[in-house]
$ cat input-v7.pdb   # PDB, C-alpha atoms
ATOM      1  CA  MET A   1      27.456  96.669 -18.372
ATOM      2  CA  GLU A   2      29.183  93.509 -19.459
ATOM      3  CA  SER A   3      30.081  92.842 -15.802
ATOM      4  CA  ASN A   4      26.402  92.981 -14.852
ATOM      5  CA  LYS A   5      25.468  90.580 -17.612
ATOM      6  CA  SER A   6      28.183  88.120 -16.512
ATOM      7  CA  SER A   7      27.038  88.317 -12.905
ATOM      8  CA  MET A   8      23.447  87.728 -13.923
ATOM      9  CA  GLY A   9      24.409  84.663 -16.016
ATOM     10  CA  LEU A  10      26.359  83.243 -13.124
ATOM     11  CA  LYS A  11      23.368  83.640 -10.802
ATOM     12  CA  VAL A  12      21.063  81.954 -13.316
ATOM     13  CA  ALA A  13      23.488  79.026 -13.758
ATOM     14  CA  LEU A  14      23.855  78.718 -10.003
ATOM     15  CA  GLY A  15      20.069  78.711  -9.603
ATOM     16  CA  ILE A  16      19.656  76.008 -12.214
ATOM     17  CA  ALA A  17      22.346  73.909 -10.507
ATOM     18  CA  VAL A  18      20.602  74.286  -7.125
ATOM     19  CA  VAL A  19      17.244  73.292  -8.666
ATOM     20  CA  LEU A  20      18.843  70.224 -10.332
ATOM     21  CA  PHE A  21      20.563  69.270  -7.084
ATOM     22  CA  LEU A  22      17.315  69.524  -5.128
ATOM     23  CA  ALA A  23      15.429  67.592  -7.801
ATOM     24  CA  THR A  24      18.105  64.878  -7.829
ATOM     25  CA  GLY A  25      17.999  64.632  -4.037
ATOM     26  CA  PHE A  26      14.217  64.436  -4.007
ATOM     27  CA  TYR A  27      14.267  61.722  -6.679
ATOM     28  CA  SER A  28      16.942  59.791  -4.809
ATOM     29  CA  MET A  29      14.970  59.996  -1.579
ATOM     30  CA  ASN A  30      11.839  58.726  -3.332
ATOM     31  CA  LEU A  31      13.807  55.948  -5.004
ATOM     32  CA  TYR A  32      15.385  54.941  -1.680
ATOM     33  CA  LYS A  33      12.000  54.943   0.053
ATOM     34  CA  LYS A  34      10.460  52.853  -2.742
ATOM     35  CA  SER A  35      13.376  50.420  -2.581
ATOM     36  CA  ASN A  36      12.898  50.009   1.170
ATOM     37  CA  ASP A  37       9.139  49.553   0.731
ATOM     38  CA  ASP A  38       9.700  46.932  -1.956
ATOM     39  CA  LYS A  39      12.253  45.114   0.187
ATOM     40  CA  LYS A  40       9.872  45.158   3.161
ATOM     41  CA  GLU A  41       7.034  43.829   1.003
ATOM     42  CA  LEU A  42       9.249  41.038  -0.393
ATOM     43  CA  THR A  43      10.412  40.137   3.122
ATOM     44  CA  GLU A  44       6.806  39.906   4.298
ATOM     45  CA  GLN A  45       5.853  37.790   1.283
ATOM     46  CA  LYS A  46       8.849  35.548   1.911
ATOM     47  CA  GLN A  47       7.745  35.050   5.526
ATOM     48  CA  LEU A  48       4.234  34.165   4.376
ATOM     49  CA  VAL A  49       5.626  31.483   2.059
ATOM     50  CA  MET A  50       7.824  30.254   4.922
ATOM     51  CA  ASN A  51       4.765  30.068   7.220
ATOM     52  CA  ASP A  52       2.820  28.093   4.586
ATOM     53  CA  LEU A  53       5.692  25.635   4.154
ATOM     54  CA  ASN A  54       6.041  25.162   7.915
ATOM     55  CA  ALA A  55       2.289  24.546   8.206
ATOM     56  CA  MET A  56       2.522  21.964   5.409
ATOM     57  CA  ALA A  57       5.466  20.271   7.138
ATOM     58  CA  LYS A  58       3.453  20.094  10.371
ATOM     59  CA  GLN A  59       0.590  18.359   8.534
ATOM     60  CA  TYR A  60       3.018  15.766   7.210
ATOM     61  CA  ASP A  61       4.499  15.255  10.701
ATOM     62  CA  GLU A  62       1.024  14.596  12.089
ATOM     63  CA  ALA A  63       0.161  12.163   9.275
ATOM     64  CA  ILE A  64       3.471  10.289   9.687
ATOM     65  CA  GLY A  65       2.971  10.109  13.462
ATOM     66  CA  GLU A  66      -0.463   8.525  13.046
ATOM     67  CA  ASN A  67       0.995   5.518  11.173
ATOM     68  CA  GLU A  68       2.581   2.641  13.078
ATOM     69  CA  VAL A  69       4.375   1.625   9.891
ATOM     70  CA  ALA A  70       6.345   4.344   8.147
ATOM     71  CA  ASN A  71       4.791   5.625   4.914
ATOM     72  CA  ASN A  72       7.773   6.240   2.628
ATOM     73  CA  ASN A  73       5.798   8.534   0.305
ATOM     74  CA  LEU A  74       4.935  10.849   3.209
ATOM     75  CA  ILE A  75       8.497  10.782   4.548
ATOM     76  CA  GLU A  76       9.970  11.641   1.137
ATOM     77  CA  ALA A  77       7.461  14.464   0.600
ATOM     78  CA  ARG A  78       8.248  15.825   4.093
ATOM     79  CA  ALA A  79      11.945  15.807   3.237
ATOM     80  CA  ARG A  80      11.285  17.780   0.029
ATOM     81  CA  ILE A  81       9.420  20.436   1.999
ATOM     82  CA  GLN A  82      12.226  20.691   4.550
ATOM     83  CA  GLY A  83      14.703  21.111   1.728
ATOM     84  CA  LEU A  84      12.615  23.944   0.282
ATOM     85  CA  ILE A  85      12.374  25.612   3.708
ATOM     86  CA  ASP A  86      16.146  25.441   4.188
ATOM     87  CA  SER A  87      16.702  26.824   0.692
ATOM     88  CA  LEU A  88      14.208  29.669   1.211
ATOM     89  CA  LYS A  89      15.932  30.734   4.449
ATOM     90  CA  ILE A  90      19.218  31.469   2.683
ATOM     91  CA  SER A  91      17.804  32.645  -0.659
ATOM     92  CA  GLU A  92      17.968  36.210  -1.954
ATOM     93  CA  THR A  93      14.763  38.152  -1.413
ATOM     94  CA  ASN A  94      13.786  39.229  -4.910
ATOM     95  CA  VAL A  95      10.702  38.979  -7.075
ATOM     96  CA  LYS A  96      12.050  36.254  -9.347
ATOM     97  CA  SER A  97      13.243  34.070  -6.464
ATOM     98  CA  LEU A  98      10.044  34.512  -4.464
ATOM     99  CA  TRP A  99       7.887  33.677  -7.483
ATOM    100  CA  ARG A 100       9.844  30.449  -7.998
ATOM    101  CA  TYR A 101       9.301  29.395  -4.378
ATOM    102  CA  LYS A 102       5.603  30.210  -4.574
ATOM    103  CA  GLN A 103       5.307  27.987  -7.661
ATOM    104  CA  LYS A 104       7.082  25.152  -5.829
ATOM    105  CA  TYR A 105       4.782  25.602  -2.852
ATOM    106  CA  VAL A 106       1.678  25.315  -5.065
ATOM    107  CA  SER A 107       3.089  22.123  -6.611
ATOM    108  CA  LEU A 108       3.849  20.646  -3.165
ATOM    109  CA  GLN A 109       0.380  21.610  -1.918
ATOM    110  CA  LYS A 110      -1.234  19.605  -4.734
ATOM    111  CA  GLU A 111       1.052  16.650  -3.982
ATOM    112  CA  MET A 112       0.181  16.835  -0.271
ATOM    113  CA  ASP A 113      -3.570  16.823  -0.947
ATOM    114  CA  VAL A 114      -3.189  13.598  -2.938
ATOM    115  CA  LEU A 115      -0.806  11.893  -0.480
ATOM    116  CA  LEU A 116      -2.842  12.732   2.629
ATOM    117  CA  ALA A 117      -6.042  11.499   0.968
ATOM    118  CA  GLN A 118      -4.291   8.238   0.057
ATOM    119  CA  ASN A 119      -2.857   7.968   3.567
ATOM    120  CA  ASP A 120      -6.279   8.411   5.200
ATOM    121  CA  SER A 121      -7.748   5.728   2.971
ATOM    122  CA  LEU A 122      -4.826   3.365   3.596
ATOM    123  CA  ARG A 123      -4.958   3.935   7.367
ATOM    124  CA  VAL A 124      -8.655   3.032   7.508
ATOM    125  CA  GLU A 125      -8.088  -0.024   5.330
ATOM    126  CA  ASN A 126      -5.075  -1.150   7.390
ATOM    127  CA  SER A 127      -7.066  -0.779  10.593
ATOM    128  CA  TYR A 128      -9.814  -3.001   9.194
ATOM    129  CA  LEU A 129      -7.306  -5.543   7.880
ATOM    130  CA  ALA A 130      -5.492  -5.675  11.226
ATOM    131  CA  THR A 131      -8.780  -6.410  12.986
ATOM    132  CA  SER A 132      -9.681  -9.070  10.427
ATOM    133  CA  LEU A 133      -6.269 -10.732  10.647
ATOM    134  CA  ASP A 134      -6.316 -10.802  14.441
ATOM    135  CA  SER A 135      -9.759 -12.388  14.395
ATOM    136  CA  THR A 136      -8.672 -14.965  11.821
ATOM    137  CA  ARG A 137      -5.507 -15.977  13.701
ATOM    138  CA  VAL A 138      -7.325 -16.336  17.034
ATOM    139  CA  ARG A 139      -9.994 -18.572  15.494
ATOM    140  CA  LEU A 140      -7.498 -20.774  13.693
ATOM    141  CA  GLU A 141      -5.315 -21.200  16.779
ATOM    142  CA  GLU A 142      -8.231 -22.107  19.058
ATOM    143  CA  ARG A 143      -9.653 -24.837  16.826
ATOM    144  CA  THR A 144      -8.042 -27.928  15.354
ATOM    145  CA  ILE A 145      -8.655 -28.996  11.786
ATOM    146  CA  PHE A 146     -10.891 -31.847  12.996
ATOM    147  CA  THR A 147     -13.485 -29.826  14.952
ATOM    148  CA  ASP A 148     -17.031 -29.432  13.685
ATOM    149  CA  SER A 149     -17.095 -25.799  14.824
ATOM    150  CA  LEU A 150     -14.326 -24.878  12.358
ATOM    151  CA  LEU A 151     -16.301 -26.421   9.499
ATOM    152  CA  VAL A 152     -19.407 -24.468  10.464
ATOM    153  CA  GLN A 153     -17.448 -21.211  10.510
ATOM    154  CA  ASN A 154     -15.612 -21.876   7.251
ATOM    155  CA  ASN A 155     -17.833 -19.771   4.979
ATOM    156  CA  ALA A 156     -17.861 -16.779   7.319
ATOM    157  CA  LEU A 157     -14.133 -17.131   7.949
ATOM    158  CA  ALA A 158     -13.427 -17.266   4.208
ATOM    159  CA  GLU A 159     -14.942 -13.809   3.778
ATOM    160  CA  VAL A 160     -12.662 -12.403   6.486
ATOM    161  CA  VAL A 161      -9.581 -14.119   5.071
ATOM    162  CA  SER A 162     -10.327 -12.849   1.563
ATOM    163  CA  ASP A 163      -9.806  -9.281   2.783
ATOM    164  CA  ALA A 164      -6.513 -10.089   4.478
ATOM    165  CA  SER A 165      -3.194  -9.508   2.789
ATOM    166  CA  VAL A 166      -2.666 -13.208   2.009
ATOM    167  CA  LEU A 167      -4.059 -15.551  -0.611
ATOM    168  CA  SER A 168      -7.174 -17.413   0.525
ATOM    169  CA  ALA A 169      -9.143 -20.418  -0.732
ATOM    170  CA  VAL A 170     -12.934 -20.503  -0.448
ATOM    171  CA  ASP A 171     -15.689 -22.968  -1.341
ATOM    172  CA  LEU A 172     -13.299 -25.911  -0.792
ATOM    173  CA  LYS A 173     -14.809 -29.201  -2.002
ATOM    174  CA  ALA A 174     -13.301 -32.665  -2.409
ATOM    175  CA  SER A 175     -14.556 -36.098  -3.492
ATOM    176  CA  GLY A 176     -13.520 -39.387  -5.008
ATOM    177  CA  VAL A 177     -13.731 -39.504  -8.817
ATOM    178  CA  ILE A 178     -13.692 -42.068 -11.591
ATOM    179  CA  VAL A 179     -11.458 -41.018 -14.502
ATOM    180  CA  ARG A 180     -12.744 -42.392 -17.831
ATOM    181  CA  THR A 181     -10.377 -43.230 -20.682
ATOM    182  CA  SER A 182     -11.947 -40.318 -22.550
ATOM    183  CA  GLY A 183     -10.760 -38.014 -19.792
ATOM    184  CA  LYS A 184     -14.246 -37.487 -18.402
ATOM    185  CA  VAL A 185     -14.348 -37.256 -14.591
ATOM    186  CA  VAL A 186     -17.298 -38.750 -12.683
ATOM    187  CA  PRO A 187     -17.758 -38.170  -8.902
ATOM    188  CA  THR A 188     -18.235 -41.252  -6.702
ATOM    189  CA  GLU A 189     -18.617 -41.962  -2.994
ATOM    190  CA  ARG A 190     -17.268 -45.502  -3.238
ATOM    191  CA  ALA A 191     -13.651 -46.014  -2.190
ATOM    192  CA  SER A 192     -13.159 -49.082  -4.381
ATOM    193  CA  ARG A 193     -14.237 -47.238  -7.532
ATOM    194  CA  SER A 194     -12.277 -44.029  -6.914
ATOM    195  CA  ASP A 195      -9.305 -43.541  -9.206
ATOM    196  CA  LYS A 196      -8.303 -40.216  -7.697
ATOM    197  CA  ILE A 197      -9.437 -37.605  -5.208
ATOM    198  CA  ARG A 198     -10.413 -34.308  -6.796
ATOM    199  CA  VAL A 199      -9.879 -31.127  -4.710
ATOM    200  CA  CYS A 200     -11.527 -27.928  -5.998
ATOM    201  CA  PHE A 201     -11.540 -24.434  -4.504
ATOM    202  CA  ILE A 202     -11.702 -20.784  -5.480
ATOM    203  CA  VAL A 203      -8.724 -18.478  -4.987
ATOM    204  CA  ALA A 204     -10.576 -15.381  -3.810
ATOM    205  CA  LYS A 205     -10.054 -11.988  -5.405
ATOM    206  CA  ASN A 206      -7.799  -9.824  -3.249
ATOM    207  CA  LYS A 207      -6.617  -6.419  -4.457
ATOM    208  CA  LEU A 208      -3.764  -6.475  -1.932
ATOM    209  CA  ILE A 209      -2.057  -9.425  -3.626
ATOM    210  CA  GLN A 210       0.316  -8.712  -6.503
ATOM    211  CA  ALA A 211      -0.657 -10.379  -9.773
ATOM    212  CA  GLY A 212       1.618 -13.133 -11.050
ATOM    213  CA  GLU A 213       2.701 -16.691 -10.245
ATOM    214  CA  GLN A 214       1.360 -17.871  -6.870
ATOM    215  CA  GLU A 215       1.055 -21.186  -5.035
ATOM    216  CA  LEU A 216      -0.901 -22.899  -2.271
ATOM    217  CA  TYR A 217      -0.202 -26.196  -0.498
ATOM    218  CA  VAL A 218      -2.911 -28.891  -0.595
ATOM    219  CA  GLN A 219      -2.979 -31.576   2.080
ATOM    220  CA  VAL A 220      -5.255 -34.656   1.887
ATOM    221  CA  ILE A 221      -5.331 -36.914   4.979
ATOM    222  CA  ASP A 222      -6.906 -40.381   4.714
ATOM    223  CA  PRO A 223      -8.875 -42.225   7.480
ATOM    224  CA  LYS A 224      -5.617 -43.706   8.807
ATOM    225  CA  ASN A 225      -4.100 -40.229   9.190
ATOM    226  CA  ASN A 226      -1.735 -40.687   6.223
ATOM    227  CA  THR A 227      -0.938 -37.771   3.936
ATOM    228  CA  LEU A 228      -1.712 -38.844   0.364
ATOM    229  CA  GLY A 229      -0.060 -37.729  -2.860
ATOM    230  CA  LEU A 230       3.578 -36.562  -2.733
ATOM    231  CA  ASN A 231       3.642 -36.603   1.083
ATOM    232  CA  GLU A 232       6.638 -34.268   1.043
ATOM    233  CA  GLN A 233       7.663 -31.783   3.728
ATOM    234  CA  VAL A 234       8.303 -28.056   3.666
ATOM    235  CA  SER A 235       9.365 -25.862   6.602
ATOM    236  CA  PHE A 236       8.234 -22.325   7.454
ATOM    237  CA  ASP A 237      10.075 -20.860  10.434
ATOM    238  CA  GLU A 238       9.645 -23.547  13.134
ATOM    239  CA  LYS A 239       6.622 -25.227  11.529
ATOM    240  CA  THR A 240       6.853 -28.249   9.206
ATOM    241  CA  LEU A 241       4.041 -29.049   6.780
ATOM    242  CA  ASN A 242       3.393 -32.386   5.047
ATOM    243  CA  TYR A 243       1.643 -31.705   1.755
ATOM    244  CA  SER A 244       0.037 -33.790  -0.966
ATOM    245  CA  LEU A 245       0.736 -31.363  -3.796
ATOM    246  CA  ILE A 246       1.622 -27.754  -4.564
ATOM    247  CA  SER A 247      -1.060 -25.935  -6.523
ATOM    248  CA  LYS A 248       0.669 -23.395  -8.779
ATOM    249  CA  PHE A 249      -1.301 -20.842 -10.790
ATOM    250  CA  ASN A 250      -1.178 -17.415 -12.414
ATOM    251  CA  TYR A 251      -3.079 -14.980 -10.185
ATOM    252  CA  GLU A 252      -4.636 -11.975 -11.960
ATOM    253  CA  ASN A 253      -6.469 -10.176  -9.117
ATOM    254  CA  ALA A 254      -9.742 -11.971  -9.836
ATOM    255  CA  ASN A 255     -11.555 -15.043  -8.500
ATOM    256  CA  LEU A 256      -9.835 -18.135  -9.880
ATOM    257  CA  ASN A 257     -11.293 -21.673  -9.942
ATOM    258  CA  ILE A 258      -8.715 -24.382  -9.181
ATOM    259  CA  CYS A 259      -9.068 -28.189  -9.328
ATOM    260  CA  GLU A 260      -6.250 -30.595  -8.411
ATOM    261  CA  PHE A 261      -6.077 -34.411  -8.321
ATOM    262  CA  VAL A 262      -4.456 -36.614  -5.683
ATOM    263  CA  THR A 263      -3.706 -40.319  -6.158
ATOM    264  CA  ALA A 264      -3.654 -43.148  -3.608
ATOM    265  CA  LYS A 265      -0.427 -44.421  -2.066
ATOM    266  CA  GLY A 266       1.303 -46.708  -4.568
ATOM    267  CA  ASP A 267      -1.123 -49.048  -6.344
ATOM    268  CA  ASN A 268      -3.397 -49.316  -3.321
ATOM    269  CA  ASN A 269      -7.062 -48.430  -3.362
ATOM    270  CA  PHE A 270      -8.412 -45.635  -1.270
ATOM    271  CA  GLU A 271      -9.403 -46.457   2.321
ATOM    272  CA  LYS A 272     -13.013 -46.288   3.402
ATOM    273  CA  GLY A 273     -13.853 -43.567   5.906
ATOM    274  CA  ARG A 274     -13.491 -39.840   6.505
ATOM    275  CA  TYR A 275     -10.932 -37.752   4.568
ATOM    276  CA  VAL A 276      -9.752 -34.305   5.630
ATOM    277  CA  VAL A 277      -8.605 -31.749   3.054
ATOM    278  CA  ASN A 278      -6.607 -28.656   4.046
ATOM    279  CA  VAL A 279      -5.270 -25.750   1.989
ATOM    280  CA  PHE A 280      -2.307 -23.749   3.330
ATOM    281  CA  ASN A 281      -0.806 -20.425   2.332
ATOM    282  CA  GLU A 282       2.722 -21.308   3.439
ATOM    283  CA  LYS A 283       2.299 -22.096   7.174
ATOM    284  CA  ASP A 284      -1.173 -20.524   7.493
ATOM    285  CA  LEU A 285      -4.265 -22.707   7.169
ATOM    286  CA  VAL A 286      -6.708 -20.833   4.904
ATOM    287  CA  SER A 287      -9.394 -23.457   4.263
ATOM    288  CA  THR A 288     -10.444 -26.949   5.386
ATOM    289  CA  SER A 289     -13.093 -29.494   4.422
ATOM    290  CA  GLU A 290     -13.884 -33.203   4.674
ATOM    291  CA  PHE A 291     -15.697 -35.958   2.793
ATOM    292  CA  THR A 292     -16.387 -39.686   3.209
ATOM    293  CA  LEU A 293     -15.727 -42.663   0.944
ATOM    294  CA  LYS A 294     -17.843 -45.760   1.543
TER     295      LYS A 294
END

$ encode --input "input-v7.pdb" --output "structure tokens"
Amino acid sequence: MESNKSSMGLKVALGIAVVLFLATGFYSMNLYKKSNDDKKELTEQKQLVMNDLNAMAKQYDEAIGENEVANNNLIEARARIQGLIDSLKISETNVKSLWRYKQKYVSLQKEMDVLLAQNDSLRVENSYLATSLDSTRVRLEERTIFTDSLLVQNNALAEVVSDASVLSAVDLKASGVIVRTSGKVVPTERASRSDKIRVCFIVAKNKLIQAGEQELYVQVIDPKNNTLGLNEQVSFDEKTLNYSLISKFNYENANLNICEFVTAKGDNNFEKGRYVVNVFNEKDLVSTSEFTLK
């Protein structure tokens, strides 16, 4: 009787062990399958992030290729994306790592939207400026400072120059003046009464010029082709310029009215006849005018 009971207990224990073994195997199989499914899903998600980064890099390559002059902001952003791509290739495929790369991608996407918008705007503006500068240089090279045609075109040319990436002077006017002891200045057309020659112009607003100390060269040529004032020389590349004075001013990205005064040579009076006034930005002529003293 006791032998039967022992045999029965052994069978029950064996049955329980078999059930536990089968349950453990089934659980392990499910766990293994879930692990493989999760790994496959993470691998697919990783590839999607990789595809997005490669597409972003291609957009940067196209934007950089469209610019004749390298845009450092685009190049640096492109390098950051490449670094992220290289890092993602060798990274562990897990939820935490993938989430971090997705966050970086979102941040880079926002940066790219801003940079590409700025690049498009800058490319259009540079194209317009290049056209304006080419037109300005051709006109200045084809005409001498003494031709009537240059004087006629001065106002229209000033508008083009004001958009170029150099300082420009517009509304250039000059005349003889009498300087009273009180300091009051009175314009005159008579050479014998002129104490000085006053040269006034407007430094045009130009958002491409950095604010701060700037300078332009003023040249006044009398009827005998003498340069009045300092009559000193300055060289730019292979070109030498004789100037009457250097107009120095603080430029604050706004239209700026400038008036300068030029004296006669020594104690001599001013000559009668036509005077030519030129304003240079270094070697580039940016404005010209003339007046007559009787």

$ resolve_selection --input "input-v7.pdb" --expression "the PyMOL selection byres ((chain A and resi 116) around 12)" --output "PyMOL selection string"
chain A and resi 56+59-64+66-67+71+73-75+77-78+108-115+117-123

$ residues_around --input "input-v7.pdb" --residues "region 195-202 of chain A" --least-positions-apart "6" --cutoff "6 Å" --atoms "only C-alpha atoms" --output "PyMOL selection string"
chain A and resi 169-178+256-263

$ closest_residue --input "input-v7.pdb" --among "A:Ala57, A:Leu88, A:Ala191, A:Ile16" --to "Gln45 (chain A)" --atoms "only C-alpha atoms"
A:Leu88

$ atom_distance --input "input-v7.pdb" --atom1 "CA of Asn269 (chain A)" --atom2 "CA of Ser192 (chain A)"
6.2 Å

$ atom_distance --input "input-v7.pdb" --atom1 "CA of Ser244 (chain A)" --atom2 "CA of Glu232 (chain A)"
6.9 Å

$ residues_near_point --input "input-v7.pdb" --point "(0.9, -27.3, -5.4)" --cutoff "6 Å" --atoms "all atoms listed in the file" --output "VMD selection string"
chain A and resid 216 to 217 245 to 248

$ residues_around --input "input-v7.pdb" --residues "Asp86 (chain A)" --least-positions-apart "4" --cutoff "12 Å" --atoms "all atoms listed in the file" --output "list in words"
Met50, Leu53, Asn54, Ala79, Arg80, Ile81, Gln82, Ile90, Ser91 and Tyr101 of chain A

$ atom_distance --input "input-v7.pdb" --atom1 "CA of Glu238 (chain A)" --atom2 "CA of Ser289 (chain A)"
25.1 Å

$ axis_aligned_box --input "input-v7.pdb" --around "region 178-189 of chain A" --padding-each-side "4 Å" --output "AutoDock Vina command-line options"
--center_x -14.5 --center_y -40.2 --center_z -12.8 --size_x 16.2 --size_y 14.0 --size_z 27.6

$ residues_around --input "input-v7.pdb" --residues "Gly212 (chain A)" --least-positions-apart "6" --cutoff "9 Å" --atoms "all atoms listed in the file" --output "list in words"
Phe249, Asn250, Tyr251, Glu252 and Asn253 of chain A

$ resolve_selection --input "input-v7.pdb" --expression "the PyMOL selection byres ((chain A and resi 190) around 8)" --output "list of chain:residue names"
A:Gly176, A:Thr188, A:Glu189, A:Ala191, A:Ser192, A:Arg193, A:Ser194, A:Lys272, A:Leu293, A:Lys294

$ resolve_selection --input "input-v7.pdb" --expression "the PyMOL selection byres ((chain A and resi 234) around 12)" --output "PyMOL selection string"
chain A and resi 217+219+230-233+235-246+280-283

$ closest_residue --input "input-v7.pdb" --among "A:Lys265, A:Lys184, A:Lys89, A:Lys58" --to "Thr43 (chain A)" --atoms "only C-alpha atoms"
A:Lys89

$ closest_residue --input "input-v7.pdb" --among "A:Val203, A:Val279, A:Leu167, A:Val220" --to "Ala254 (chain A)" --atoms "only C-alpha atoms"
A:Val203

$ residues_near_point --input "input-v7.pdb" --point "(-6.4, -37.9, 4.8)" --cutoff "10 Å" --atoms "all atoms listed in the file" --output "mmCIF file with C-alpha atoms, in the frame of the given file"
data_model
loop_
_atom_site.group_PDB
_atom_site.id
_atom_site.type_symbol
_atom_site.label_atom_id
_atom_site.label_comp_id
_atom_site.auth_asym_id
_atom_site.auth_seq_id
_atom_site.Cartn_x
_atom_site.Cartn_y
_atom_site.Cartn_z
ATOM 1 C CA GLN A 219 -2.979 -31.576 2.080
ATOM 2 C CA VAL A 220 -5.255 -34.656 1.887
ATOM 3 C CA ILE A 221 -5.331 -36.914 4.979
ATOM 4 C CA ASP A 222 -6.906 -40.381 4.714
ATOM 5 C CA PRO A 223 -8.875 -42.225 7.480
ATOM 6 C CA LYS A 224 -5.617 -43.706 8.807
ATOM 7 C CA ASN A 225 -4.100 -40.229 9.190
ATOM 8 C CA ASN A 226 -1.735 -40.687 6.223
ATOM 9 C CA THR A 227 -0.938 -37.771 3.936
ATOM 10 C CA LEU A 228 -1.712 -38.844 0.364
ATOM 11 C CA GLY A 229 -0.060 -37.729 -2.860
ATOM 12 C CA SER A 244 0.037 -33.790 -0.966
ATOM 13 C CA GLU A 271 -9.403 -46.457 2.321
ATOM 14 C CA GLY A 273 -13.853 -43.567 5.906
ATOM 15 C CA ARG A 274 -13.491 -39.840 6.505
ATOM 16 C CA TYR A 275 -10.932 -37.752 4.568
ATOM 17 C CA VAL A 276 -9.752 -34.305 5.630
ATOM 18 C CA VAL A 277 -8.605 -31.749 3.054
ATOM 19 C CA ASN A 278 -6.607 -28.656 4.046
ATOM 20 C CA GLU A 290 -13.884 -33.203 4.674
ATOM 21 C CA PHE A 291 -15.697 -35.958 2.793
#
